[in-house]
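S.K.: My structure is stored as model.tsv, with TSV, C-alpha atoms and all ligand atoms.
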chain	number	residue	atom	x	y	z
A	1	MET	CA	-5.02	8.06	-22.21
A	2	ARG	CA	-3.72	4.67	-23.30
A	3	LEU	CA	-0.12	5.20	-24.35
A	4	GLN	CA	0.94	4.89	-27.97
A	5	GLN	CA	4.45	3.93	-26.93
A	6	PRO	CA	5.22	1.95	-23.75
A	7	ILE	CA	7.46	3.62	-21.16
A	8	PHE	CA	9.33	0.41	-20.42
A	9	GLU	CA	10.21	-2.55	-22.63
A	10	ARG	CA	10.23	-5.29	-20.02
A	11	MET	CA	8.82	-4.95	-16.52
A	12	ALA	CA	9.79	-7.62	-14.01
A	13	LEU	CA	7.45	-8.07	-11.06
A	14	ILE	CA	8.90	-9.91	-8.10
A	15	GLY	CA	5.88	-10.86	-6.01
A	16	VAL	CA	2.41	-10.80	-7.50
A	17	GLY	CA	-0.10	-10.20	-4.73
A	18	LEU	CA	-2.61	-7.39	-4.40
A	19	ILE	CA	-0.16	-4.66	-5.41
A	20	GLY	CA	1.92	-6.59	-7.98
A	21	SER	CA	-1.15	-7.91	-9.78
A	22	SER	CA	-2.77	-4.47	-9.77
A	23	ILE	CA	0.36	-3.00	-11.35
A	24	ALA	CA	0.31	-5.75	-13.99
A	25	ARG	CA	-3.38	-5.20	-14.77
A	26	ALA	CA	-3.11	-1.39	-14.89
A	27	ALA	CA	0.13	-1.40	-16.91
A	28	ARG	CA	-1.48	-3.73	-19.45
A	29	ALA	CA	-4.63	-1.63	-19.65
A	30	GLN	CA	-2.60	1.51	-20.33
A	31	ASN	CA	0.07	-0.01	-22.57
A	32	ALA	CA	2.63	1.32	-20.08
A	33	VAL	CA	5.04	-1.59	-20.61
A	34	ARG	CA	5.72	-3.71	-23.69
A	35	SER	CA	6.00	-6.98	-21.78
A	36	ILE	CA	5.64	-8.27	-18.25
A	37	VAL	CA	7.66	-11.05	-16.65
A	38	ALA	CA	6.52	-12.16	-13.23
A	39	THR	CA	7.66	-14.41	-10.45
A	40	ALA	CA	6.45	-15.27	-6.97
A	41	ARG	CA	7.86	-17.25	-4.10
A	42	SER	CA	5.40	-20.15	-4.20
A	43	PRO	CA	4.51	-22.43	-7.13
A	44	GLU	CA	0.80	-21.91	-6.27
A	45	THR	CA	1.02	-18.17	-6.80
A	46	ARG	CA	3.07	-18.56	-9.98
A	47	ARG	CA	0.49	-21.00	-11.31
A	48	ARG	CA	-2.34	-18.63	-10.47
A	49	VAL	CA	-0.55	-15.68	-12.10
A	50	ALA	CA	-0.22	-17.75	-15.26
A	51	GLU	CA	-3.88	-18.83	-15.12
A	52	LEU	CA	-5.00	-15.24	-14.76
A	53	GLY	CA	-2.78	-14.23	-17.68
A	54	LEU	CA	-1.27	-11.40	-15.67
A	55	ALA	CA	2.15	-11.62	-17.33
A	56	ASP	CA	3.62	-12.50	-20.71
A	57	GLN	CA	6.01	-14.82	-18.93
A	58	VAL	CA	5.97	-16.43	-15.49
A	59	VAL	CA	9.37	-17.63	-14.32
A	60	GLU	CA	10.50	-19.65	-11.33
A	61	THR	CA	13.26	-17.48	-9.93
A	62	ASN	CA	13.91	-13.84	-9.15
A	63	VAL	CA	17.16	-14.02	-11.11
A	64	ALA	CA	15.35	-15.24	-14.24
A	65	ALA	CA	12.74	-12.50	-13.83
A	66	VAL	CA	15.21	-9.60	-13.87
A	67	ASP	CA	17.12	-10.90	-16.89
A	68	GLY	CA	16.96	-8.14	-19.52
A	69	ALA	CA	14.33	-6.12	-17.60
A	70	ASP	CA	14.56	-2.33	-17.79
A	71	LEU	CA	12.17	-2.02	-14.83
A	72	VAL	CA	12.15	-4.28	-11.78
A	73	ILE	CA	9.54	-3.79	-9.05
A	74	ALA	CA	9.68	-5.82	-5.85
A	75	CYS	CA	6.06	-6.19	-4.68
A	76	ILE	CA	6.83	-8.20	-1.57
A	77	PRO	CA	6.73	-7.62	2.21
A	78	VAL	CA	9.27	-5.01	3.30
A	79	GLY	CA	11.15	-7.54	5.43
A	80	ALA	CA	11.98	-9.58	2.32
A	81	CYS	CA	13.35	-6.69	0.22
A	82	GLY	CA	16.99	-6.90	1.38
A	83	ALA	CA	17.39	-10.60	0.60
A	84	VAL	CA	15.76	-10.18	-2.80
A	85	ALA	CA	18.03	-7.21	-3.66
A	86	LYS	CA	21.07	-9.29	-2.70
A	87	GLU	CA	19.88	-12.12	-4.93
A	88	ILE	CA	19.10	-10.03	-8.02
A	89	GLY	CA	21.84	-7.39	-7.69
A	90	PRO	CA	24.50	-9.15	-9.81
A	91	HIS	CA	21.97	-10.02	-12.54
A	92	LEU	CA	20.38	-6.64	-13.21
A	93	ALA	CA	20.64	-5.11	-16.67
A	94	THR	CA	22.74	-1.96	-17.03
A	95	GLY	CA	20.53	1.12	-16.75
A	96	ALA	CA	17.60	-0.77	-15.22
A	97	ILE	CA	15.34	1.03	-12.78
A	98	VAL	CA	14.83	-0.93	-9.57
A	99	SER	CA	11.88	-0.08	-7.38
A	100	ASP	CA	9.59	-1.51	-4.71
A	101	VAL	CA	6.14	-0.76	-3.33
A	102	GLY	CA	6.82	-1.21	0.38
A	103	SER	CA	4.79	0.64	2.98
A	104	VAL	CA	7.98	1.62	4.87
A	105	LYS	CA	10.80	3.37	3.05
A	106	GLY	CA	13.73	3.91	5.47
A	107	SER	CA	14.29	0.20	6.05
A	108	VAL	CA	13.80	-0.69	2.39
A	109	VAL	CA	16.42	1.85	1.29
A	110	ARG	CA	18.76	0.63	4.02
A	111	ASP	CA	18.25	-3.04	3.12
A	112	MET	CA	18.21	-2.84	-0.69
A	113	ALA	CA	20.62	-0.05	-1.66
A	114	PRO	CA	23.88	-1.78	-0.58
A	115	HIS	CA	23.14	-4.74	-2.88
A	116	LEU	CA	22.38	-2.76	-6.04
A	117	PRO	CA	25.21	-2.10	-8.49
A	118	ALA	CA	26.16	1.44	-9.53
A	119	ASN	CA	24.97	0.90	-13.10
A	120	VAL	CA	21.26	0.70	-12.10
A	121	HIS	CA	18.89	3.37	-10.78
A	122	PHE	CA	17.18	2.77	-7.43
A	123	VAL	CA	13.88	4.64	-7.08
A	124	PRO	CA	11.83	3.31	-4.13
A	125	SER	CA	8.10	3.90	-4.29
A	126	HIS	CA	4.98	3.48	-2.18
A	127	PRO	CA	1.56	3.62	-3.81
A	128	VAL	CA	-0.69	4.69	-0.94
A	129	ALA	CA	-3.56	2.52	-2.06
A	130	GLY	CA	-4.81	-0.88	-1.10
A	131	THR	CA	-7.47	-3.06	0.37
A	132	GLU	CA	-7.41	-5.64	3.14
A	133	HIS	CA	-7.22	-8.43	0.55
A	134	SER	CA	-4.12	-10.28	-0.62
A	135	GLY	CA	-2.89	-12.40	-3.49
A	136	PRO	CA	-3.05	-12.19	-7.29
A	137	ASP	CA	-6.84	-12.50	-7.43
A	138	ALA	CA	-7.28	-9.46	-5.19
A	139	GLY	CA	-5.73	-6.91	-7.55
A	140	PHE	CA	-7.57	-4.69	-9.99
A	141	ALA	CA	-6.49	-2.20	-12.65
A	142	GLU	CA	-8.23	0.79	-11.05
A	143	LEU	CA	-6.48	0.49	-7.68
A	144	PHE	CA	-4.07	3.37	-8.24
A	145	ILE	CA	-6.48	5.86	-9.76
A	146	ASP	CA	-6.28	9.10	-7.77
A	147	CYS	CA	-4.07	7.55	-5.13
A	148	ILE	CA	-0.84	9.22	-4.10
A	149	CYS	CA	2.34	7.38	-4.96
A	150	ILE	CA	5.33	8.50	-2.91
A	151	LEU	CA	8.82	8.20	-4.40
A	152	THR	CA	11.86	8.37	-2.13
A	153	PRO	CA	14.88	8.42	-4.46
A	154	PRO	CA	18.21	8.56	-2.61
A	155	ALA	CA	20.21	11.79	-3.08
A	156	GLY	CA	21.98	11.84	-6.44
A	157	THR	CA	19.56	9.47	-8.19
A	158	ASP	CA	19.44	10.04	-11.94
A	159	ALA	CA	16.65	12.58	-12.61
A	160	GLY	CA	15.69	10.85	-15.86
A	161	ALA	CA	15.05	7.57	-14.01
A	162	VAL	CA	12.86	9.33	-11.43
A	163	GLU	CA	10.95	10.99	-14.26
A	164	ARG	CA	10.34	7.69	-16.08
A	165	LEU	CA	9.02	6.00	-12.94
A	166	THR	CA	6.90	9.08	-12.21
A	167	THR	CA	5.40	8.82	-15.69
A	168	LEU	CA	4.63	5.14	-15.11
A	169	TRP	CA	2.74	5.81	-11.87
A	170	GLN	CA	0.91	8.74	-13.41
A	171	THR	CA	-0.10	6.50	-16.29
A	172	LEU	CA	-1.50	4.00	-13.79
A	173	GLY	CA	-3.61	6.85	-12.38
A	174	ALA	CA	-1.55	8.02	-9.39
A	175	GLN	CA	-0.47	11.47	-8.29
A	176	VAL	CA	3.24	11.33	-7.55
A	177	GLU	CA	4.97	13.02	-4.59
A	178	THR	CA	8.66	12.88	-3.77
A	179	MET	CA	10.02	13.03	-0.22
A	180	SER	CA	12.76	11.62	1.99
A	181	PRO	CA	12.33	8.07	3.38
A	182	ASP	CA	12.30	9.37	6.98
A	183	HIS	CA	9.58	11.90	6.27
A	184	HIS	CA	7.55	9.24	4.48
A	185	ASP	CA	7.83	6.90	7.46
A	186	LEU	CA	6.76	9.56	9.96
A	187	VAL	CA	3.73	10.61	7.91
A	188	LEU	CA	2.63	7.03	7.23
A	189	ALA	CA	3.13	6.07	10.88
A	190	VAL	CA	0.23	8.31	11.86
A	191	THR	CA	-1.97	8.08	8.75
A	192	SER	CA	-1.72	4.35	8.12
A	193	HIS	CA	0.33	2.35	10.59
A	194	LEU	CA	-1.25	3.67	13.79
A	195	PRO	CA	-4.84	3.14	12.52
A	196	HIS	CA	-3.97	-0.47	11.64
A	197	LEU	CA	-2.46	-1.01	15.09
A	198	ILE	CA	-5.58	0.37	16.76
A	199	ALA	CA	-7.85	-1.76	14.55
A	200	TYR	CA	-5.91	-4.95	15.28
A	201	THR	CA	-5.94	-4.11	18.99
A	202	ILE	CA	-9.62	-3.28	19.34
A	203	VAL	CA	-10.64	-6.50	17.59
A	204	GLY	CA	-8.68	-8.38	20.24
A	205	THR	CA	-10.13	-6.30	23.05
A	206	ALA	CA	-13.69	-6.95	21.85
A	207	TYR	CA	-13.02	-10.65	21.36
A	208	ASP	CA	-11.51	-10.98	24.84
A	209	LEU	CA	-14.65	-9.37	26.24
A	210	ARG	CA	-17.02	-11.65	24.37
A	211	GLU	CA	-18.15	-13.35	27.58
A	212	VAL	CA	-18.98	-10.00	29.14
A	213	THR	CA	-20.78	-8.80	26.03
A	214	ARG	CA	-22.37	-12.24	25.43
A	215	SER	CA	-21.14	-12.38	21.82
A	216	GLU	CA	-22.85	-9.09	21.05
A	217	VAL	CA	-19.68	-7.96	19.31
A	218	LEU	CA	-20.59	-10.13	16.36
A	219	LYS	CA	-24.28	-9.27	16.50
A	220	PHE	CA	-23.65	-5.54	16.32
A	221	SER	CA	-20.58	-5.66	14.10
A	222	ALA	CA	-22.54	-4.28	11.16
A	223	GLY	CA	-22.20	-0.86	12.81
A	224	GLY	CA	-19.15	1.28	13.51
A	225	PHE	CA	-17.11	-1.64	14.77
A	226	ARG	CA	-17.24	-3.34	11.41
A	227	ASP	CA	-16.29	-0.22	9.42
A	228	PHE	CA	-13.62	0.74	11.90
A	229	THR	CA	-12.00	-2.68	12.01
A	230	ARG	CA	-12.11	-3.54	8.28
A	231	ILE	CA	-8.37	-3.00	8.03
A	232	ALA	CA	-7.73	-5.58	10.77
A	233	ALA	CA	-8.46	-8.19	8.09
A	234	SER	CA	-5.16	-7.21	6.40
A	235	ASP	CA	-2.26	-9.58	5.83
A	236	PRO	CA	-0.38	-10.32	9.10
A	237	THR	CA	3.00	-10.86	7.43
A	238	MET	CA	2.85	-7.48	5.74
A	239	TRP	CA	1.88	-5.69	8.94
A	240	ARG	CA	4.38	-7.53	11.12
A	241	ASP	CA	7.09	-6.34	8.75
A	242	ILE	CA	5.77	-2.78	8.70
A	243	PHE	CA	5.80	-2.43	12.49
A	244	LEU	CA	9.25	-3.97	12.79
A	245	ALA	CA	10.59	-1.78	9.99
A	246	ASN	CA	9.01	1.49	11.16
A	247	LYS	CA	9.45	0.92	14.87
A	248	ASP	CA	10.80	4.37	15.85
A	249	ALA	CA	8.21	6.47	14.00
A	250	VAL	CA	5.34	4.25	15.14
A	251	LEU	CA	6.46	4.40	18.78
A	252	GLU	CA	6.76	8.18	18.57
A	253	MET	CA	3.25	8.51	17.13
A	254	LEU	CA	1.86	5.97	19.57
A	255	GLY	CA	3.23	8.09	22.45
A	256	THR	CA	1.49	11.19	21.12
A	257	PHE	CA	-1.73	9.26	20.52
A	258	THR	CA	-1.67	7.86	24.05
A	259	GLU	CA	-1.36	11.38	25.47
A	260	ASP	CA	-4.32	12.54	23.38
A	261	LEU	CA	-6.32	9.52	24.50
A	262	SER	CA	-5.55	10.41	28.12
A	263	THR	CA	-7.16	13.82	27.61
A	264	VAL	CA	-10.40	12.23	26.42
A	265	THR	CA	-10.24	9.57	29.13
A	266	ARG	CA	-9.89	12.23	31.82
A	267	ALA	CA	-12.83	14.21	30.43
A	268	ILE	CA	-15.04	11.11	30.47
A	269	ARG	CA	-13.99	10.18	33.99
A	270	ARG	CA	-14.72	13.71	35.27
A	271	GLY	CA	-18.00	13.94	33.41
A	272	ASP	CA	-16.59	16.97	31.57
A	273	GLY	CA	-19.12	17.25	28.75
A	274	ASP	CA	-17.87	20.67	27.60
A	275	THR	CA	-14.39	19.30	26.91
A	276	LEU	CA	-15.78	16.25	25.11
A	277	PHE	CA	-18.10	18.40	23.02
A	278	ASP	CA	-15.29	20.79	22.07
A	279	ILE	CA	-12.95	17.93	21.16
A	280	PHE	CA	-15.56	16.11	19.06
A	281	THR	CA	-16.61	19.34	17.31
A	282	GLN	CA	-13.03	20.14	16.40
A	283	ARG	CA	-12.28	16.57	15.28
A	284	ARG	CA	-15.44	16.40	13.16
A	285	ALA	CA	-14.37	19.58	11.36
A	286	ILE	CA	-10.91	18.11	10.75
A	287	ARG	CA	-12.37	14.81	9.46
A	288	ARG	CA	-14.72	16.67	7.13
A	289	SER	CA	-11.88	18.81	5.80
A	290	ILE	CA	-9.98	15.65	4.87
A	291	VAL	CA	-12.60	14.65	2.31
A	292	PRO	CA	-12.18	17.65	-0.02
A	293	LEU	CA	-8.42	17.06	0.13
A	294	GLN	CA	-8.99	13.54	-1.19
A	295	SER	CA	-10.11	13.37	-4.76
A	296	ASN	CA	-11.74	9.98	-4.15
A	297	GLY	CA	-14.98	11.06	-2.47
A	298	ALA	CA	-16.71	11.08	0.86
A	299	ALA	CA	-17.33	7.37	1.51
A	300	ALA	CA	-16.00	5.94	4.75
A	301	ASN	CA	-13.00	4.57	2.89
A	302	PHE	CA	-12.64	7.80	0.87
A	303	GLY	CA	-14.39	5.98	-1.98
A	304	ARG	CA	-11.43	3.80	-2.90
A	305	PRO	CA	-12.43	1.10	-5.35
A	306	HIS	CA	-12.97	-2.16	-3.55
A	307	PRO	CA	-13.19	-5.60	-5.15
A	308	GLU	CA	-16.39	-6.42	-3.28
A	309	ALA	CA	-18.09	-3.18	-4.14
A	310	PRO	CA	-19.59	-2.43	-7.55
A	311	LYS	CA	-16.84	-0.82	-9.63
A	312	PRO	CA	-17.28	2.91	-10.24
A	313	PRO	CA	-17.52	3.97	-13.88
A	314	LEU	CA	-14.07	4.05	-15.41
A	315	PRO	CA	-12.59	7.54	-15.60
A	316	ARG	CA	-11.71	8.97	-18.97
A	317	PRO	CA	-8.19	7.62	-19.48
A	318	TYR	CA	-9.42	4.06	-18.96
A	319	ALA	CA	-12.75	4.60	-20.71
A	320	SER	CA	-10.95	5.75	-23.84
A	321	ASP	CA	-9.18	2.42	-23.84
A	322	GLN	CA	-12.53	0.73	-24.42
A	323	GLU	CA	-13.43	2.84	-27.43
B	401	LIG	P1	0.33	-9.84	-0.95
B	401	LIG	O1	-0.93	-9.71	-1.68
B	401	LIG	O2	0.35	-10.66	0.30
B	401	LIG	O3	1.46	-10.38	-1.94
B	401	LIG	C1	2.79	-10.54	-1.48
B	401	LIG	C2	3.64	-11.17	-2.55
B	401	LIG	O4	4.97	-11.25	-2.00
B	401	LIG	C3	3.24	-12.58	-2.94
B	401	LIG	O5	3.48	-12.78	-4.31
B	401	LIG	C4	4.18	-13.45	-2.11
B	401	LIG	O6	4.48	-14.67	-2.75
B	401	LIG	C5	5.43	-12.60	-2.06
B	401	LIG	N1	6.25	-12.87	-0.88
B	401	LIG	C6	5.83	-12.96	0.39
B	401	LIG	N2	6.86	-13.18	1.21
B	401	LIG	C7	7.95	-13.24	0.44
B	401	LIG	C8	9.32	-13.48	0.69
B	401	LIG	N3	9.78	-13.66	1.94
B	401	LIG	N4	10.17	-13.49	-0.38
B	401	LIG	C9	9.72	-13.29	-1.63
B	401	LIG	N5	8.43	-13.07	-1.93
B	401	LIG	C10	7.57	-13.05	-0.91
B	401	LIG	O7	0.92	-8.42	-0.50
B	401	LIG	P2	0.62	-6.96	-1.09
B	401	LIG	O8	-0.56	-6.39	-0.38
B	401	LIG	O9	0.68	-6.98	-2.57
B	401	LIG	O10	1.88	-6.17	-0.49
B	401	LIG	C11	3.13	-6.18	-1.13
B	401	LIG	C12	3.91	-4.95	-0.69
B	401	LIG	O11	3.11	-3.79	-0.98
B	401	LIG	C13	4.23	-4.88	0.80
B	401	LIG	O12	5.54	-4.42	0.97
B	401	LIG	C14	3.27	-3.85	1.34
B	401	LIG	O13	3.85	-3.14	2.41
B	401	LIG	C15	3.06	-2.95	0.13
B	401	LIG	N6	1.77	-2.27	0.10
B	401	LIG	C16	0.63	-2.93	0.42
B	401	LIG	C17	-0.58	-2.27	0.37
B	401	LIG	C18	-1.86	-2.96	0.76
B	401	LIG	O14	-2.86	-2.31	1.07
B	401	LIG	N7	-1.92	-4.28	0.71
B	401	LIG	C19	-0.63	-0.92	-0.02
B	401	LIG	C20	0.55	-0.29	-0.40
B	401	LIG	C21	1.75	-0.97	-0.34
B	401	LIG	P3	3.62	-16.00	-2.46
B	401	LIG	O15	2.19	-15.66	-2.84
B	401	LIG	O16	4.22	-16.98	-3.37
B	401	LIG	O17	3.78	-16.28	-1.02
Please lay out the structure from this file as structure tokens.

M.R.:
Amino acid sequence: MRLQQPIFERMALIGVGLIGSSIARAARAQNAVRSIVATARSPETRRRVAELGLADQVVETNVAAVDGADLVIACIPVGACGAVAKEIGPHLATGAIVSDVGSVKGSVVRDMAPHLPANVHFVPSHPVAGTEHSGPDAGFAELFIDCICILTPPAGTDAGAVERLTTLWQTLGAQVETMSPDHHDLVLAVTSHLPHLIAYTIVGTAYDLREVTRSEVLKFSAGGFRDFTRIAASDPTMWRDIFLANKDAVLEMLGTFTEDLSTVTRAIRRGDGDTLFDIFTQRRAIRRSIVPLQSNGAAANFGRPHPEAPKPPLPRPYASDQE
């Protein structure tokens, strides 16, 4: 339901790419914030944000953006969060909520928290939603519908601030979960980071073998290879930062994955069809059980809205906005 009263008076977005621009579009659509001020690192992105009308005000600096804002969300690569927090820290309004959308939480808390004054509330967040596209044109208002948004507030964070940010994400369509940064990073290492690493790697493996396969990689890429490697089209800066920032959890999960891969490798080498059949039967059941857990449907990508795909009909809260 479109809100009668906004939750925040002035939302500052630092970084307006896929995630920042989706927040702006969804917050506008739901009247979740009274006004939006946005900034981005490059003049090109700022100009595009203004052209698209994504914010009430587009400003040149991070310091200007946070002036008078009661909500500040850094929508930038995780490796940039510390420097931005240092820059904006002295200029934040008393009582402001400061958040981010980074895909790693331990490093973001470590890098940002020391620079934030005691009179603001730090509530890190991670909307587990996205596409492989980047930039302000890539965002869309429906991105967060039925996604999970994970909040990792440090111990002792004001409960009222956590509740307000929770309400914002729920208004944008997300289901909100709260957990510790370390737990977040371990879970995401296996559900998101490892799949991206495998996708990036297998694209390279296939490309290196193009002579052997006589360019058949491209010819047959409409099949499983193309679906499986879609996420390897994701932004390299973002993923470089994620693997640097979540090194320990990713290495731990990679070790476990390598052991599991060895089991399958051994079965193939020994011609052990029974083992392969049992493994694939069990894994198919697990994969199928994932779909009912996801409210987004059974498509290969769990039915997440995608800019290139026809948009699904808007669910009720958004549809009512049109009436
Ligand atoms: P994006 O589309 O590439 O946009 C990134 C934005 O950050 C741009 O406005 C860019 O400004 C700015 N930026 C880049 N480097 C910067 C720096 N060093 N200092 C200040 N600003 C900088 O990225 P995104 O997909 O929205 O991702 C943003 C954050 O969301 C990342 O932390 C990512 O981990 C997280 N996230 C992403 C997804 C996903 O699927 N994409 C999902 C969930 C969470 P310019 O355009 O001016 O360079």

S.K.: Rank A:Ala24, A:Val264, A:Ile7, A:Ile286 by their smallest atom-to-atom distance to A:Phe140, using all atoms listed in the file, and report the top residue only.

M.R.: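 Smallest distance to A:Phe140 is found for A:Ala24.
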
S.K.: List all protein, DNA and RNA residues that have at least one atom no more than 9 Å from any atom of ligand LIG 401 (chain B), counting all atoms listed in the file, and write them as a ChimeraX atom specification.

M.R.: /A:14-22,39-46,62,74-81,83-84,100-104,125-139,231,234-239,241-242

S.K.: How many Å separate atom CA of A:Gln4 from atom CA of A:Thr167?

M.R.: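 Calculated distance between atom CA of A:Gln4 and atom CA of A:Thr167 is 13.6 Å.
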
S.K.: Take atom CA of A:Val59 and atom CA of A:Arg47 and report the distance between them in Å, one decimal.

M.R.: 10.0 Å

S.K.: Residues near stretch 254-260 of chain A, anyone? I mean within 10 Å using all atoms listed in the file, not counting same-chain ones fewer than 6 positions away, as a ChimeraX atom specification.

M.R.: /A:189-190,193-194,197-198,248

S.K.: Please indicate the distance in Å from atom CA of A:Val162 to atom CA of A:Ala174, rounded to one decimal place.

M.R.: 14.6 Å

S.K.: So that I can see what lies close to A:Ile88, please list as a PyMOL selection string the residues with an atom at most 9 Å from it, counting all atoms listed in the file and leaving out residues fewer than 5 positions away in the same chain.

M.R.: chain A and resi 62-66+83+115-116

S.K.: For the residues selected in the previous step, produce a file with C-alpha atoms as a tab-separated table (two decimals), keeping the file's coordinate frame.

M.R.:
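Output file again.tsv is given in full below:
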chain	number	residue	atom	x	y	z
A	62	ASN	CA	13.91	-13.84	-9.15
A	63	VAL	CA	17.16	-14.02	-11.11
A	64	ALA	CA	15.35	-15.24	-14.24
A	65	ALA	CA	12.74	-12.50	-13.83
A	66	VAL	CA	15.21	-9.60	-13.87
A	83	ALA	CA	17.39	-10.60	0.60
A	115	HIS	CA	23.14	-4.74	-2.88
A	116	LEU	CA	22.38	-2.76	-6.04

S.K.: Which is closest to A:Gly204 among A:Val98, A:Ala232, A:Arg226, A:Thr178, if we use all atoms listed in the file?

M.R.: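 That would be A:Ala232, the residue with the smallest distance to A:Gly204.
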
S.K.: Find the residues near A:Thr275: any atom within 10 Å, counting only C-alpha atoms, skip ones fewer than 4 places away on the same chain, and give them as a PyMOL selection string.

M.R.: chain A and resi 263-264+266-268+271+279-281

S.K.: Return the single residue from A:Gly106, A:Pro153, A:Pro117, A:Pro195 that is closest to A:Pro181, with distances computed using all atoms listed in the file.

M.R.: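 For A:Pro181, the nearest of the candidates is A:Gly106.
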
S.K.: Nearest residue to A:Val109 out of A:Cys149, A:Ala245, A:Met11, A:Leu52, using all atoms listed in the file?

M.R.: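 Closest to A:Val109 of all the choices is A:Ala245.
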
S.K.: Pick out the closest residue to A:His196 from this set: A:Val37, A:Val123, A:Ala161, A:Val250. Count only C-alpha atoms.

M.R.: A:Val250

S.K.: Out of A:Gln282, A:Ala199, A:Glu9, A:Leu3, which residue has the shortest atom-to-atom distance to A:Gly224 when counting only C-alpha atoms?

M.R.: A:Ala199
